[in-house]
$ cat protein-v8.pdb   # PDB, C-alpha atoms
ATOM      1  CA  MET A  28      12.203 -87.253   6.433
ATOM      2  CA  PRO A  29      11.363 -85.225   3.373
ATOM      3  CA  ALA A  30      14.047 -82.891   2.234
ATOM      4  CA  THR A  31      13.579 -79.239   3.196
ATOM      5  CA  THR A  32      13.530 -76.918   0.235
ATOM      6  CA  MET A  33      15.253 -73.571   0.760
ATOM      7  CA  SER A  34      14.791 -70.634  -1.561
ATOM      8  CA  TYR A  35      17.855 -69.145  -3.058
ATOM      9  CA  VAL A  36      18.181 -65.598  -4.287
ATOM     10  CA  LYS A  37      21.096 -64.631  -6.393
ATOM     11  CA  PRO A  38      23.262 -61.883  -4.922
ATOM     12  CA  SER A  39      22.785 -59.825  -8.066
ATOM     13  CA  CYS A  40      18.993 -59.802  -7.578
ATOM     14  CA  VAL A  41      19.359 -58.687  -3.962
ATOM     15  CA  GLY A  42      21.629 -55.866  -5.063
ATOM     16  CA  LYS A  43      19.183 -54.749  -7.717
ATOM     17  CA  PHE A  44      16.345 -54.749  -5.180
ATOM     18  CA  ILE A  45      18.336 -52.637  -2.722
ATOM     19  CA  ILE A  46      19.342 -50.187  -5.450
ATOM     20  CA  CYS A  47      15.769 -49.856  -6.742
ATOM     21  CA  ASN A  48      14.450 -49.325  -3.230
ATOM     22  CA  SER A  49      17.092 -46.666  -2.559
ATOM     23  CA  VAL A  50      16.288 -44.891  -5.823
ATOM     24  CA  ASN A  51      12.569 -44.868  -5.006
ATOM     25  CA  THR A  52      13.255 -43.516  -1.514
ATOM     26  CA  LEU A  53      15.534 -40.804  -2.904
ATOM     27  CA  TYR A  54      12.924 -39.890  -5.522
ATOM     28  CA  MET A  55      10.209 -39.559  -2.871
ATOM     29  CA  LYS A  56      12.461 -37.392  -0.701
ATOM     30  CA  GLN A  57      13.283 -35.147  -3.648
ATOM     31  CA  LYS A  58       9.609 -34.886  -4.566
ATOM     32  CA  TYR A  59       8.739 -33.976  -0.979
ATOM     33  CA  LEU A  60      11.511 -31.357  -0.771
ATOM     34  CA  ILE A  61      10.496 -29.800  -4.097
ATOM     35  CA  SER A  62       6.865 -29.607  -2.955
ATOM     36  CA  LEU A  63       7.909 -28.079   0.371
ATOM     37  CA  PHE A  64      10.171 -25.562  -1.370
ATOM     38  CA  ALA A  65       7.378 -24.605  -3.792
ATOM     39  CA  LEU A  66       4.975 -24.118  -0.867
ATOM     40  CA  ILE A  67       7.455 -21.862   0.946
ATOM     41  CA  ILE A  68       8.013 -19.791  -2.209
ATOM     42  CA  PHE A  69       4.247 -19.507  -2.697
ATOM     43  CA  ILE A  70       3.730 -18.323   0.902
ATOM     44  CA  LEU A  71       6.565 -15.785   0.703
ATOM     45  CA  PHE A  72       5.365 -14.457  -2.655
ATOM     46  CA  GLY A  73       1.822 -14.163  -1.328
ATOM     47  CA  TYR A  74       3.048 -12.264   1.720
ATOM     48  CA  TRP A  75       5.160  -9.971  -0.474
ATOM     49  CA  ALA A  76       2.133  -9.252  -2.691
ATOM     50  CA  LYS A  77       0.043  -8.541   0.415
ATOM     51  CA  CYS A  78       2.632  -6.029   1.615
ATOM     52  CA  GLN A  79       2.833  -4.290  -1.757
ATOM     53  CA  THR A  80      -0.930  -3.849  -1.983
ATOM     54  CA  GLY A  81      -1.317  -2.858   1.664
ATOM     55  CA  THR A  82      -3.789  -5.661   2.323
ATOM     56  CA  ASN A  83      -4.305  -6.645   5.950
ATOM     57  CA  PHE A  84      -6.298  -9.851   6.384
ATOM     58  CA  PHE A  85      -5.972 -10.114  10.166
ATOM     59  CA  GLU A  86      -5.784  -6.840  12.094
ATOM     60  CA  SER A  87      -4.794  -8.535  15.359
ATOM     61  CA  THR A  88      -1.953 -10.604  13.875
ATOM     62  CA  SER A  89       1.199  -9.456  12.100
ATOM     63  CA  LEU A  90       4.238 -11.329  10.783
ATOM     64  CA  SER A  91       6.091  -8.149   9.884
ATOM     65  CA  LYS A  92       8.676  -8.460  12.685
ATOM     66  CA  LEU A  93       9.536 -12.107  12.033
ATOM     67  CA  THR A  94      12.295 -13.423   9.777
ATOM     68  CA  PRO A  95      12.014 -13.696   6.765
ATOM     69  CA  PHE A  96       8.766 -11.725   6.570
ATOM     70  CA  LYS A  97      10.325  -8.483   7.813
ATOM     71  CA  TYR A  98      12.514  -8.378   4.692
ATOM     72  CA  LEU A  99       9.443  -8.533   2.443
ATOM     73  CA  GLN A 100       7.831  -5.378   3.810
ATOM     74  CA  ARG A 101       7.142  -2.583   1.363
ATOM     75  CA  ASN A 102       9.563   0.312   1.707
ATOM     76  CA  ASP A 103       7.163   3.173   2.335
ATOM     77  CA  VAL A 104       9.741   5.933   2.896
ATOM     78  CA  VAL A 105      11.126   8.184   0.168
ATOM     79  CA  SER A 106      14.532   9.230   1.508
ATOM     80  CA  ILE A 107      15.447  12.864   0.797
ATOM     81  CA  PRO A 108      13.900  13.070  -2.675
ATOM     82  CA  LYS A 109      15.322  15.209  -5.450
ATOM     83  CA  PRO A 110      13.204  18.041  -6.864
ATOM     84  CA  GLY A 111      10.390  16.714  -9.013
ATOM     85  CA  ILE A 112       7.122  14.827  -8.895
ATOM     86  CA  ILE A 113       6.678  12.490  -5.926
ATOM     87  CA  LEU A 114       3.067  11.591  -6.672
ATOM     88  CA  TYR A 115       0.937  12.007  -9.764
ATOM     89  CA  ASP A 116      -2.369  10.217 -10.183
ATOM     90  CA  CYS A 117      -5.041  10.916 -12.780
ATOM     91  CA  PHE A 118      -6.806   7.634 -11.858
ATOM     92  CA  ASP A 119      -7.147   6.624 -15.513
ATOM     93  CA  THR A 120      -5.614   3.231 -14.808
ATOM     94  CA  LYS A 121      -5.646   0.958 -11.780
ATOM     95  CA  SER A 122      -2.550  -1.045 -10.876
ATOM     96  CA  ILE A 123      -2.175  -3.860  -8.347
ATOM     97  CA  ILE A 124       0.220  -1.901  -6.149
ATOM     98  CA  GLY A 125      -1.076   1.616  -6.818
ATOM     99  CA  ASN A 126      -0.224   4.889  -5.093
ATOM    100  CA  TRP A 127      -2.451   4.721  -2.037
ATOM    101  CA  SER A 128      -2.676   3.065   1.353
ATOM    102  CA  ASN A 129      -5.834   1.432   2.651
ATOM    103  CA  LEU A 130      -8.730   3.791   3.204
ATOM    104  CA  TRP A 131      -9.048   4.809   6.859
ATOM    105  CA  MET A 132     -12.496   5.648   8.236
ATOM    106  CA  ARG A 133     -13.748   6.527  11.691
ATOM    107  CA  ASP A 134     -16.986   4.601  11.072
ATOM    108  CA  LYS A 135     -15.884   1.225   9.734
ATOM    109  CA  GLY A 136     -17.815  -0.078   6.757
ATOM    110  CA  LYS A 137     -19.449   3.251   5.934
ATOM    111  CA  VAL A 138     -16.900   4.642   3.454
ATOM    112  CA  SER A 139     -15.781   3.021   0.192
ATOM    113  CA  VAL A 140     -13.281   3.669  -2.609
ATOM    114  CA  ASP A 141     -14.333   3.403  -6.235
ATOM    115  CA  TYR A 142     -13.800   5.028  -9.642
ATOM    116  CA  ASP A 143     -16.174   6.491 -12.197
ATOM    117  CA  LEU A 144     -16.124   8.338 -15.520
ATOM    118  CA  HIS A 145     -17.231  11.743 -14.236
ATOM    119  CA  GLY A 146     -13.739  13.181 -13.887
ATOM    120  CA  ILE A 147     -12.178  16.177 -15.616
ATOM    121  CA  ASN A 148     -13.345  16.129 -19.260
ATOM    122  CA  ASN A 149     -15.311  12.953 -18.465
ATOM    123  CA  SER A 150     -12.137  11.045 -17.663
ATOM    124  CA  ARG A 151     -11.822   8.375 -15.002
ATOM    125  CA  CYS A 152     -11.539   9.779 -11.472
ATOM    126  CA  LEU A 153     -11.346   8.646  -7.874
ATOM    127  CA  LEU A 154     -14.715   8.344  -6.149
ATOM    128  CA  ILE A 155     -15.074   8.001  -2.393
ATOM    129  CA  LYS A 156     -18.576   7.431  -1.059
ATOM    130  CA  SER A 157     -19.440   8.067   2.574
ATOM    131  CA  THR A 158     -22.631   7.275   4.456
ATOM    132  CA  SER A 159     -21.104   8.521   7.708
ATOM    133  CA  THR A 160     -21.030  12.006   9.192
ATOM    134  CA  LYS A 161     -17.548  11.261  10.534
ATOM    135  CA  SER A 162     -14.149  11.620   8.903
ATOM    136  CA  TRP A 163     -12.093   9.416   6.588
ATOM    137  CA  ALA A 164      -8.595   9.623   5.072
ATOM    138  CA  TYR A 165      -6.970   8.246   1.922
ATOM    139  CA  SER A 166      -3.185   8.576   2.138
ATOM    140  CA  HIS A 167      -0.297   8.232  -0.277
ATOM    141  CA  ASN A 168       1.506   4.956   0.411
ATOM    142  CA  LYS A 169       4.854   6.747   0.708
ATOM    143  CA  SER A 170       6.146   8.789   3.611
ATOM    144  CA  VAL A 171       8.660  11.450   2.534
ATOM    145  CA  GLU A 172      11.793  12.251   4.529
ATOM    146  CA  VAL A 173      12.302  16.019   4.759
ATOM    147  CA  HIS A 174      14.749  18.608   6.059
ATOM    148  CA  GLU A 175      14.284  22.130   7.328
ATOM    149  CA  GLY A 176      13.931  24.539   4.421
ATOM    150  CA  ASP A 177      12.647  21.978   1.922
ATOM    151  CA  ILE A 178       9.907  23.361  -0.308
ATOM    152  CA  PHE A 179       6.993  21.207  -1.447
ATOM    153  CA  SER A 180       3.790  21.848  -3.347
ATOM    154  CA  PHE A 181       0.605  20.017  -4.226
ATOM    155  CA  ASP A 182      -2.420  20.611  -6.392
ATOM    156  CA  GLY A 183      -5.467  18.720  -7.511
ATOM    157  CA  PHE A 184      -9.120  18.850  -8.436
ATOM    158  CA  ALA A 185     -12.031  17.884  -6.214
ATOM    159  CA  ARG A 186     -15.788  17.794  -6.619
ATOM    160  CA  ILE A 187     -18.035  17.300  -3.588
ATOM    161  CA  GLN A 188     -21.719  16.367  -3.588
ATOM    162  CA  GLY A 189     -23.675  15.625  -0.451
ATOM    163  CA  GLU A 190     -25.359  16.989   2.614
ATOM    164  CA  LYS A 191     -24.956  20.507   3.963
ATOM    165  CA  ASN A 192     -21.869  20.001   6.143
ATOM    166  CA  VAL A 193     -19.890  17.790   3.763
ATOM    167  CA  SER A 194     -16.351  18.910   2.876
ATOM    168  CA  ALA A 195     -13.010  17.536   1.709
ATOM    169  CA  PHE A 196      -9.357  18.447   2.187
ATOM    170  CA  ILE A 197      -6.231  18.019   0.086
ATOM    171  CA  GLY A 198      -3.169  18.238   2.269
ATOM    172  CA  ILE A 199      -0.213  16.959   4.228
ATOM    173  CA  ALA A 200       0.269  15.117   7.525
ATOM    174  CA  ALA A 201       3.448  15.897   9.508
ATOM    175  CA  PHE A 202       5.565  13.450  11.553
ATOM    176  CA  ASP A 203       8.568  13.572  13.883
ATOM    177  CA  GLY A 204      11.858  11.653  13.663
ATOM    178  CA  GLN A 205      10.214   8.419  14.860
ATOM    179  CA  ASN A 206       7.471   8.826  12.239
ATOM    180  CA  GLU A 207       4.959   9.618  14.966
ATOM    181  CA  PRO A 208       2.271  12.138  13.970
ATOM    182  CA  ILE A 209       2.756  15.773  14.915
ATOM    183  CA  LYS A 210      -0.381  16.977  13.151
ATOM    184  CA  TRP A 211      -2.619  15.052  10.759
ATOM    185  CA  ASN A 212      -3.815  18.152   8.908
ATOM    186  CA  TYR A 213      -0.579  20.105   9.031
ATOM    187  CA  ILE A 214      -1.164  21.722   5.634
ATOM    188  CA  SER A 215      -4.575  21.454   3.971
ATOM    189  CA  GLU A 216      -6.793  23.091   1.402
ATOM    190  CA  LYS A 217     -10.526  22.794   1.982
ATOM    191  CA  ILE A 218     -13.112  22.047  -0.703
ATOM    192  CA  ASP A 219     -16.732  22.746   0.183
ATOM    193  CA  ASN A 220     -19.896  21.234  -1.241
ATOM    194  CA  THR A 221     -19.996  23.186  -4.511
ATOM    195  CA  GLU A 222     -20.872  20.257  -6.833
ATOM    196  CA  MET A 223     -18.370  21.801  -9.278
ATOM    197  CA  TRP A 224     -14.798  20.778 -10.019
ATOM    198  CA  THR A 225     -12.528  22.966  -7.898
ATOM    199  CA  LYS A 226      -8.744  23.156  -8.157
ATOM    200  CA  LYS A 227      -6.696  23.629  -5.002
ATOM    201  CA  ASN A 228      -2.951  24.189  -4.707
ATOM    202  CA  LYS A 229      -0.449  25.002  -1.999
ATOM    203  CA  THR A 230       3.297  25.592  -1.636
ATOM    204  CA  PHE A 231       4.904  25.278   1.790
ATOM    205  CA  VAL A 232       8.288  25.217   3.545
ATOM    206  CA  ILE A 233       9.353  22.547   6.051
ATOM    207  CA  PRO A 234      10.243  23.781   9.588
ATOM    208  CA  ASP A 235      12.923  22.195  11.769
ATOM    209  CA  ASN A 236      10.637  19.984  13.893
ATOM    210  CA  ILE A 237       9.152  17.988  11.001
ATOM    211  CA  LYS A 238      11.103  14.992   9.684
ATOM    212  CA  TYR A 239       8.524  13.170   7.528
ATOM    213  CA  ILE A 240       5.410  14.175   5.628
ATOM    214  CA  ARG A 241       2.674  12.234   3.845
ATOM    215  CA  PHE A 242       0.191  13.451   1.243
ATOM    216  CA  ARG A 243      -3.479  12.782   2.046
ATOM    217  CA  LEU A 244      -7.017  13.210   0.801
ATOM    218  CA  THR A 245      -9.518  13.544   3.629
ATOM    219  CA  GLY A 246     -13.192  14.249   4.035
ATOM    220  CA  VAL A 247     -16.088  14.459   6.437
ATOM    221  CA  GLY A 248     -19.831  14.132   6.019
ATOM    222  CA  ILE A 249     -22.318  12.108   4.003
ATOM    223  CA  GLY A 250     -21.771  12.416   0.276
ATOM    224  CA  GLU A 251     -19.675  11.620  -2.774
ATOM    225  CA  PHE A 252     -16.101  12.875  -3.039
ATOM    226  CA  ARG A 253     -14.398  12.910  -6.439
ATOM    227  CA  PHE A 254     -10.712  13.676  -7.019
ATOM    228  CA  ASP A 255      -8.683  14.003 -10.205
ATOM    229  CA  ASP A 256      -5.223  15.026 -11.474
ATOM    230  CA  ILE A 257      -3.419  14.909  -8.137
ATOM    231  CA  PHE A 258       0.172  16.242  -8.000
ATOM    232  CA  PHE A 259       2.637  16.287  -5.102
ATOM    233  CA  ARG A 260       6.119  17.708  -5.763
ATOM    234  CA  LYS A 261       9.380  18.712  -4.191
ATOM    235  CA  GLU A 262      10.464  22.115  -5.465
ATOM    236  CA  ASN A 263      14.060  22.555  -4.264
ATOM    237  CA  LEU A 264      17.251  20.703  -3.367
ATOM    238  CA  SER A 265      17.799  19.887   0.306
ATOM    239  CA  THR A 266      20.428  22.165   1.835
ATOM    240  CA  ASN A 267      21.271  19.864   4.786
TER
END
$ encode --input "protein-v8.pdb" --output "structure tokens"
Amino acid sequence: MPATTMSYVKPSCVGKFIICNSVNTLYMKQKYLISLFALIIFILFGYWAKCQTGTNFFESTSLSKLTPFKYLQRNDVVSIPKPGIILYDCFDTKSIIGNWSNLWMRDKGKVSVDYDLHGINNSRCLLIKSTSTKSWAYSHNKSVEVHEGDIFSFDGFARIQGEKNVSAFIGIAAFDGQNEPIKWNYISEKIDNTEMWTKKNKTFVIPDNIKYIRFRLTGVGIGEFRFDDIFFRKENLSTN
């Protein structure tokens, strides 16, 4: 019978093969973990950016109560501010985060936010266009914690052009201790359709039933609403 030939592999070669295979496997695992980690970071950063800009892609779905997304929410409460400016916006520049929440409108799709160069002294100003006879609101993205006796003030310019019944308001919404609305137009100054720049200002004192306030620009009617040089301040120290 012919002799059977058997292959022989040196132990050192087997060891090298096992080591190389282990190194390749470890490299692939590390590459996979790095890719997974990068994807998670990208998703979390994207969600954080969404929260900061107030963007809501899906109205029926929210991740805000889930870990870790709840820790990435924008803090929209100013806790017991010191006297000074809480909001100032001349609208000369536009940042990613900005000072304002998403525009609310009763007729969806019929009101838009823009800017143009017809502000005070031909500066850049806020322009809100409405093709609806119903109301809209553009709110500061910060709610302010308040105490009884706190004194606040606001002032700003507005210019309204449109149909006969068009008007705008610069003012404050009031909320209770659970941040539920007490009155949307708690304090407001009305601007009628004058087609001229009009300055409005107001100083007011907080009563005991109001725990939070939020500055707002609102309007109603078909037309163009321009705003410029908006100030919102706290005037005194809290006594409580």
$ closest_residue --input "protein-v8.pdb" --among "A:Thr230, A:Asn126, A:Thr52, A:Asn149" --to "Glu216 (chain A)" --atoms "only C-alpha atoms"
A:Thr230
$ closest_residue --input "protein-v8.pdb" --among "A:Gly250, A:Gly136, A:Gly125, A:Gly111" --to "Lys191 (chain A)" --atoms "all atoms listed in the file"
A:Gly250
$ closest_residue --input "protein-v8.pdb" --among "A:Asn212, A:Thr225, A:Gln205, A:Asn129" --to "Tyr165 (chain A)" --atoms "all atoms listed in the file"
A:Asn129
$ atom_distance --input "protein-v8.pdb" --atom1 "CA of Val193 (chain A)" --atom2 "CA of Ser150 (chain A)"
23.8 Å
$ residues_near_point --input "protein-v8.pdb" --point "(-4.4, 8.4, -4.5)" --cutoff "10 Å" --atoms "all atoms listed in the file" --output "number ranges by chain"
A: 114-118, 125-128, 130, 153, 165-168, 242-244, 254-258
$ atom_distance --input "protein-v8.pdb" --atom1 "CA of Lys156 (chain A)" --atom2 "CA of Gly246 (chain A)"
10.1 Å
$ residues_around --input "protein-v8.pdb" --residues "Lys109 (chain A)" --least-positions-apart "5" --cutoff "9 Å" --atoms "all atoms listed in the file" --output "PyMOL selection string"
chain A and resi 261-265
